[in-house]
Amino acid sequence: MAFDPADEANQLANLFYSLSQATDDLRLGGTLVAPSVDDLASLKDQADRLDNCGHSFTAQAIGATLANIQDDLANIKNVTADAKAQLGKLTDVSKAIAAATAGVALGLAITSGNPATILAATGAFATAVAGSGAGAGG
Amino acid sequence: MPQPCTRSRILLICVSAVVLLLAGCVTATAVSTFCASAATTLASAKPIFSDMKASCLRELDAREPIGSYKTSANDPKMAPSIANCNAIGTQAEGATAAAAILSDYFSAINALASFGTAKAGSDAQTLATKTTAALGSGSAAQTAIGSMVGDLTSVFTSGYQLKKLESDLTRVSGNITAVSNGLVSIIQKNYIDQLLMDEENKTAARYKEFYKPSFSPEAQVMLEDRWKTDAAAIQAKRASAMSLISALQALSKGFADMATNAHKLKSKELSGLLAPYVTQVQTLIPQIQKAF
């Protein structure tokens, strides 16, 4: 069976929390015979120290769990970047089709030889190219 | 008679394009709704991960006797214990970051799925109509050309959109499950079973320590009420965290189903497949947010 740092750290954390709780139960459960104030203070101190160990292993367990999924997170980040780029391409494609349509109209207008028609089609083409970002120079 | 024949062809192309477009829209809408719910759920996880350090610090405060009017932050002897809580906080920030990466993915897929292919088509149609008007074409020809350009743009962008969506879903299917499982493990094992349980135990111990049989009945009732209030606050946080676990598990399973079936199910079937997960997650979101 493979060694799992997160699992091991969790087991140790649980052990220390249980020991801390058992120490508190002993201190507060009324089963001790005539404990001194110092005895009770010492038990409380031990319970707190055990709890600190539990916290330390909890932090390590979270860290180990996150380490286990780093490769998964890296791949998700890559695909997220791709999805964002694809969205940009979709926008560009729709603009490019619009620009191409206007370009065809301009070509037809030039063929017609009518200055007014050429002027109107040129205006529409310029608008479409500006919208497509093709004229941005890079 | 070539004119009716051409009109029929135009009509056929347009109808086919619209049918394809509508089929794509339903699929994209189902994916978009699911991803939007996922992103909202993951945003709700942040306060829970932030409470991991806070729970640790509350437990330190619970070590101080009632009536001492001291907090752990003012006690130099507590510095090593506070350092442990800070370490938990640092790691919890890592969990928040992992949830944010997952949320960013779902938001990107949502944006891709909800890209307005219909609007792209409509914009292209408007432009085509304007440019054909410049040629002095008749209004019927302008409308026909505009309609064709608009529909073809929609179909093209819709087809690209669906193809990329399918690819983006299948490429991370296993990763989404692994990350969800990791976050569930942190919430269940580290937050609920360790930190909240420890806080609950230490809070109870604090009240037990303070209690003396010589207290008046009124004082005993007040003490018990105060303890119940503290215990209820911890229980509310536990319930919220358990709702987050249920939501993450539903998202993970729904996503796996969606990725597996995206290429073979018809759009309405995919929508039907995702609907129960979306309903479940949307019901859980207010429950996750309840204690925070």
# chains A, B, ... in the order shown; residues from 1 in each chain; ligands from 1
call {"tool": "residues_around", "arguments": {"residues": "range 52-55 of chain B", "least_positions_apart": "6", "cutoff": "6 Å", "atoms": "only C-alpha atoms", "output": "list in words"}}
result
Cys85, Ile88 and Gly89 of chain B
call {"tool": "write_last_selection", "arguments": {"atoms": "all heavy atoms", "output": "PDB file, in the first residue's frame"}}
result
ATOM      1  N   CYS B  85      -1.799  27.955  14.371  1.00  0.00           N
ATOM      2  CA  CYS B  85      -3.037  28.434  13.731  1.00  0.00           C
ATOM      3  C   CYS B  85      -2.709  29.203  12.450  1.00  0.00           C
ATOM      4  O   CYS B  85      -3.418  29.085  11.441  1.00  0.00           O
ATOM      5  CB  CYS B  85      -3.827  29.339  14.681  1.00  0.00           C
ATOM      6  SG  CYS B  85      -4.486  28.462  16.102  1.00  0.00           S
ATOM      7  N   ILE B  88      -2.061  26.760   9.779  1.00  0.00           N
ATOM      8  CA  ILE B  88      -3.341  26.250   9.246  1.00  0.00           C
ATOM      9  C   ILE B  88      -3.940  27.285   8.287  1.00  0.00           C
ATOM     10  O   ILE B  88      -4.436  26.947   7.204  1.00  0.00           O
ATOM     11  CB  ILE B  88      -4.316  25.924  10.407  1.00  0.00           C
ATOM     12  CG1 ILE B  88      -3.832  24.659  11.128  1.00  0.00           C
ATOM     13  CG2 ILE B  88      -5.753  25.757   9.909  1.00  0.00           C
ATOM     14  CD1 ILE B  88      -4.596  24.329  12.404  1.00  0.00           C
ATOM     15  N   GLY B  89      -3.850  28.570   8.692  1.00  0.00           N
ATOM     16  CA  GLY B  89      -4.378  29.640   7.832  1.00  0.00           C
ATOM     17  C   GLY B  89      -3.679  29.700   6.488  1.00  0.00           C
ATOM     18  O   GLY B  89      -4.328  29.872   5.443  1.00  0.00           O
TER      19      GLY B  89
END
call {"tool": "closest_residue", "arguments": {"among": "A:Gln46, A:Asn14, A:Thr23, A:Ser36", "to": "chain B", "atoms": "only C-alpha atoms"}}
result
A:Asn14
call {"tool": "closest_residue", "arguments": {"among": "B:Asn175, B:Ser72, B:Ser32, B:Thr40", "to": "chain A", "atoms": "only C-alpha atoms"}}
result
B:Asn175
call {"tool": "closest_residue", "arguments": {"among": "A:Ala96, A:Ala67, A:Ala47, A:Leu87", "to": "Leu28 in chain A", "atoms": "only C-alpha atoms"}}
result
A:Ala47
call {"tool": "atom_distance", "arguments": {"atom1": "CA of Pro5 in chain A", "atom2": "CA of Ala59 in chain A"}}
result
12.0 Å
call {"tool": "closest_residue", "arguments": {"among": "B:Pro276, B:Ala291, B:Tyr207, B:Arg238", "to": "Leu223 in chain B", "atoms": "only C-alpha atoms"}}
result
B:Tyr207
call {"tool": "closest_residue", "arguments": {"among": "B:Ala28, B:Asp225, B:Gln220, B:Asp193", "to": "Lys268 in chain B", "atoms": "only C-alpha atoms"}}
result
B:Ala28
call {"tool": "atom_distance", "arguments": {"atom1": "CA of Pro47 in chain B", "atom2": "CA of Asp51 in chain A"}}
result
23.7 Å
call {"tool": "residues_around", "arguments": {"residues": "range 240-253 of chain B", "least_positions_apart": "6", "cutoff": "8 Å", "atoms": "only C-alpha atoms", "output": "VMD selection string"}}
result
chain B and resid 38 41 45 48 176 to 177 180 to 181 184 187 to 188 192 277 280 to 281 284 to 285 287 to 291
